[in-house]
Amino acid sequence: ADSGNSINRRYRSFFLRSPITRTAFFLDRPGDARFDLFSPEEETLVVEVDYQIGREPYPRFGEWMERIVRETLRKKVEIRSSQDSKIASNTAFTDRELRKLARDTRDPVLTKNNSYLHILYVSQSADYLSNTGLVLTDKDLFVFSDGIDELTDSANARSLVEESTIAHEFGHLLGLEHVERDDCVM
């Protein structure tokens, strides 16, 4: 339902506090898992990274994630990264294909951890061609390598764009919206 309706405004945050009620009511929008991510019961955020052939994360990815998670959640990070053969060699993915891809590539053992994040590096969004990243669900973050490559040929600049894309999209997973400030990643 529309996020502005009266039931969402009154009760959504109550239902979001439990993974069981989120599942029962199909609550999987960006930001819906924020209570799991911020939970003090879990000291470590498990980050599963799957990537399309030729679309590996920048070598400093682990360093960025450790800093972003430490500064926002005050947690440690455990990263599991792999090139996933289940990711087709598409040049672009629709939102529907991205949602299916996220479901198909999640490691079921890792998803049992309430403090879990899934990052997928793929070519490009078919629905938002200029995007460098996107979140469509409560625990999946997409990085579009081709979108980042189109912005710059400089390895240093690419690194900065990739890092800020991850920080921005992670902000959406924490429930943050866009703001009009030049000094804010959101």
# chains A, B, ... in the order shown; residues from 1 in each chain; ligands from 1
>>> closest_atom_pairs(of="range 3-94 of chain A", to="range 122-127 of chain A", cutoff="6 Å", atoms="only C-alpha atoms", output="Markdown table")
| residue | atom | partner | partner_atom | distance |
| --- | --- | --- | --- | --- |
| A:Gln52 | CA | A:Val122 | CA | 5.3 |
| A:Thr91 | CA | A:Ser123 | CA | 5.7 |
| A:Ala92 | CA | A:Gln124 | CA | 4.5 |
| A:Phe93 | CA | A:Ala126 | CA | 5.0 |
| A:Thr94 | CA | A:Ala126 | CA | 4.9 |
>>> write_last_selection(atoms="N, CA, C and O atoms", output="PDB file, in the first residue's frame")
ATOM      1  N   GLN A  52      28.700  -9.962 -10.991  1.00  0.00           N
ATOM      2  CA  GLN A  52      28.671 -10.438 -12.357  1.00  0.00           C
ATOM      3  C   GLN A  52      30.115 -10.540 -12.861  1.00  0.00           C
ATOM      4  O   GLN A  52      30.990  -9.784 -12.412  1.00  0.00           O
ATOM      5  N   THR A  91      23.376  -7.007 -20.237  1.00  0.00           N
ATOM      6  CA  THR A  91      23.975  -5.678 -20.244  1.00  0.00           C
ATOM      7  C   THR A  91      23.154  -4.717 -19.397  1.00  0.00           C
ATOM      8  O   THR A  91      23.651  -3.668 -18.994  1.00  0.00           O
ATOM      9  N   ALA A  92      21.908  -5.078 -19.106  1.00  0.00           N
ATOM     10  CA  ALA A  92      21.052  -4.253 -18.248  1.00  0.00           C
ATOM     11  C   ALA A  92      19.964  -5.145 -17.655  1.00  0.00           C
ATOM     12  O   ALA A  92      19.552  -6.136 -18.259  1.00  0.00           O
ATOM     13  N   PHE A  93      19.501  -4.780 -16.448  1.00  0.00           N
ATOM     14  CA  PHE A  93      18.500  -5.564 -15.730  1.00  0.00           C
ATOM     15  C   PHE A  93      17.312  -4.669 -15.369  1.00  0.00           C
ATOM     16  O   PHE A  93      17.500  -3.559 -14.869  1.00  0.00           O
ATOM     17  N   THR A  94      16.104  -5.172 -15.578  1.00  0.00           N
ATOM     18  CA  THR A  94      14.911  -4.455 -15.136  1.00  0.00           C
ATOM     19  C   THR A  94      14.786  -4.601 -13.623  1.00  0.00           C
ATOM     20  O   THR A  94      15.423  -5.483 -13.024  1.00  0.00           O
TER      21      THR A  94
END
>>> closest_atom_pairs(of="range 15-66 of chain A", to="range 152-169 of chain A", cutoff="8 Å", atoms="only C-alpha atoms", output="Markdown table")
| residue | atom | partner | partner_atom | distance |
| --- | --- | --- | --- | --- |
| A:Tyr58 | CA | A:Ser159 | CA | 6.7 |
| A:Phe61 | CA | A:Glu163 | CA | 7.5 |
| A:Trp64 | CA | A:Glu163 | CA | 6.6 |
>>> closest_residue(among="A:Arg55, A:Arg22, A:Arg10, A:Lys75", to="Ser39 in chain A", atoms="only C-alpha atoms")
A:Lys75
>>> residues_around(residues="Asp32 in chain A", least_positions_apart="3", cutoff="10 Å", atoms="only C-alpha atoms", output="count of residues only")
20
>>> closest_residue(among="A:Asn113, A:Leu101, A:Gly4, A:Thr72", to="Leu141 in chain A", atoms="only C-alpha atoms")
A:Leu101
>>> select_by_dssp(residues="range 9-177 of chain A", states="strand (DSSP E)", output="short mmCIF file (atom, residue, chain, number, x, y, z; two decimals) with C-alpha atoms, in the first residue's frame")
data_model
loop_
_atom_site.label_atom_id
_atom_site.label_comp_id
_atom_site.auth_asym_id
_atom_site.auth_seq_id
_atom_site.Cartn_x
_atom_site.Cartn_y
_atom_site.Cartn_z
CA THR A 44 28.51 -8.13 13.37
CA LEU A 45 26.87 -7.24 10.07
CA VAL A 46 27.22 -10.09 7.59
CA VAL A 47 27.69 -8.68 4.09
CA GLU A 48 27.24 -11.04 1.16
CA VAL A 49 28.65 -9.65 -2.08
CA ASP A 50 27.80 -11.30 -5.39
CA TYR A 51 29.07 -9.93 -8.66
CA LYS A 76 31.96 -5.19 12.90
CA VAL A 77 31.67 -6.50 9.34
CA GLU A 78 32.05 -10.02 7.99
CA ILE A 79 32.26 -9.99 4.18
CA ARG A 80 31.57 -12.99 1.96
CA SER A 81 32.33 -12.17 -1.67
CA SER A 82 32.04 -14.28 -4.80
CA GLN A 83 31.54 -14.10 -8.52
CA TYR A 116 22.55 -9.21 7.01
CA LEU A 117 23.17 -7.15 3.89
CA HIS A 118 23.31 -8.40 0.30
CA ILE A 119 25.24 -6.33 -2.26
CA LEU A 120 25.11 -7.20 -5.95
CA TYR A 121 27.47 -5.73 -8.54
CA VAL A 122 25.90 -5.90 -11.98
CA GLY A 133 23.18 2.18 -7.47
CA LEU A 134 19.71 1.21 -6.30
CA VAL A 135 17.83 -0.44 -3.46
CA ASP A 140 19.58 -5.87 -1.10
CA LEU A 141 21.77 -3.12 -2.54
CA PHE A 142 22.70 -2.97 -6.23
CA VAL A 143 25.82 -1.31 -7.62
CA PHE A 144 25.80 -0.65 -11.37
#
>>> closest_residue(among="A:Leu136, A:Gly171, A:Lys100, A:Asn8", to="Glu71 in chain A", atoms="only C-alpha atoms")
A:Gly171
>>> select_by_dssp(residues="range 18-134 of chain A", states="helix (DSSP H, G or I)", output="PyMOL selection string")
chain A and resi 19-24+34-38+61-73+95-105+108-111
